[in-house]
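Visitor: Sharing a structure below in structure tokens format, with a few things to ask.
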Amino acid sequence: MVSVSIETSEQVEERLRRVIAAADFVRHEGVWCFRESPADHPPTLTADTLAVVGDQDSWSCLVPATAQDGGDVERFGIFSFHFPDQADNSGFVGWLATHLKSRLGTGVFVICGSNRSRGGIYDYWGCPIGLIDDVIEVVEGLRAR
């Protein structure tokens with residue numbers, strides 16, 4: 001459930017540090033990319049497919065990158081968070097994205113889903129593959145505090 005609350009900046013920081021520390025955090029090994037297909041040809045899902053989103057023109061499928069994807073495809077490192085049941089993670093995406101932008105200069109992408117048997121909301125995060133080790137270090141530092 002999305003939480004609505006009025007908090008000071010300090011209270012938000014304190015709450016989200018507790019949330020990140022309690023979340024199930026996973027670094028997904030390998031190099032990942034978005035593979036696109038026309039809207040009238042949905043992708044075939046495989047065990048390696050992390051996410052599929054679409055717009056009126058195409059499908060975009062987050063999958064492990066291969067040599068066949070070519071040199072013009074952006075390559076990403078991926079990590080994820082599954083949040084505990086009832087965790088108030090409101091504002092988490094903006095909070096962590098701001099930390100990563102200010103510390104490393106990088107933007108990120110986030111794809112969210114829900115799995116009620118594991119507490120509810122989960123996020124897949126992507127960053128440029130060349131920064132994944134630095135991003136993981138920042139995240140681990142925030143989890144340790």
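In the structure tokens, chains take letters A, B, ... by order of appearance, with residues numbered from 1 within each chain and ligands from 1 in the order shown.
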Which neighbours of segment 6-23 of chain A fall inside 6 Å, counting only C-alpha atoms, when residues of the same chain fewer than 5 positions from it are skipped, and could you give them as a VMD selection string?
Guide: chain A and resid 81 to 83 143
Visitor: Keeping N, CA, C and O atoms, export the residues of the selection given above as a PDB file, in the first residue's frame.
Guide:
ATOM      1  N   PHE A  81      15.620  -4.761  -5.284  1.00  0.00           N
ATOM      2  CA  PHE A  81      15.177  -4.731  -3.892  1.00  0.00           C
ATOM      3  C   PHE A  81      13.788  -5.340  -3.814  1.00  0.00           C
ATOM      4  O   PHE A  81      12.903  -4.973  -4.587  1.00  0.00           O
ATOM      5  N   HIS A  82      13.598  -6.280  -2.877  1.00  0.00           N
ATOM      6  CA  HIS A  82      12.260  -6.720  -2.472  1.00  0.00           C
ATOM      7  C   HIS A  82      12.073  -6.145  -1.073  1.00  0.00           C
ATOM      8  O   HIS A  82      12.920  -6.358  -0.192  1.00  0.00           O
ATOM      9  N   PHE A  83      10.991  -5.415  -0.889  1.00  0.00           N
ATOM     10  CA  PHE A  83      10.765  -4.743   0.380  1.00  0.00           C
ATOM     11  C   PHE A  83       9.925  -5.613   1.309  1.00  0.00           C
ATOM     12  O   PHE A  83       9.018  -6.310   0.853  1.00  0.00           O
ATOM     13  N   ARG A 143      23.083   0.787   3.204  1.00  0.00           N
ATOM     14  CA  ARG A 143      22.483  -0.331   3.954  1.00  0.00           C
ATOM     15  C   ARG A 143      23.178  -0.545   5.293  1.00  0.00           C
ATOM     16  O   ARG A 143      22.564  -1.008   6.238  1.00  0.00           O
TER      17      ARG A 143
END
Visitor: Using Å and a single decimal, report how far atom CA of Ser80 of chain A sits from atom CA of Pro42 of chain A.
Guide: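 Distance reported for this atom pair: 24.5 Å.
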Visitor: Can you list, as a ChimeraX atom specification, every residue of chain A that DSSP puts in strand (DSSP E)?
Guide: /A:24-38,51-54,58-64,76-82,109-115,120-128
Visitor: Check the smallest atom-to-atom distance from each of A:Val93, A:Cys33, A:Val53, A:Leu104 to Gly70 of chain A using only C-alpha atoms, then report the winner.
Guide: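 The closest residue to Gly70 of chain A is A:Cys33.
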Visitor: Select from segment 6-141 of chain A everything DSSP, run on the backbone, classes as helix (DSSP H, G or I), then give the selection as a ChimeraX atom specification.
Guide: /A:9-22,67-69,92-104,116-118,129-141
Visitor: Have a look at A:Leu100, A:Ala65, A:Ala51, A:Val138 and name the one nearest to Gly77 of chain A; count only C-alpha atoms.
Guide: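 That would be A:Ala65, the residue with the smallest distance to Gly77 of chain A.
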Visitor: Just the residues within 8 Å of Cys112 of chain A, please, counting only C-alpha atoms, with nothing from its chain fewer than 2 positions along; format it as a VMD selection string.
Guide: chain A and resid 110 114 121 to 124
Visitor: Excluding Val73 of chain A and any residue of its chain fewer than 2 positions from it, enumerate the residues within 12 Å of it, using only C-alpha atoms, and give them as an MDAnalysis selection string.
Guide: chainID A and resid 31:36 62:71 75:76 128:129
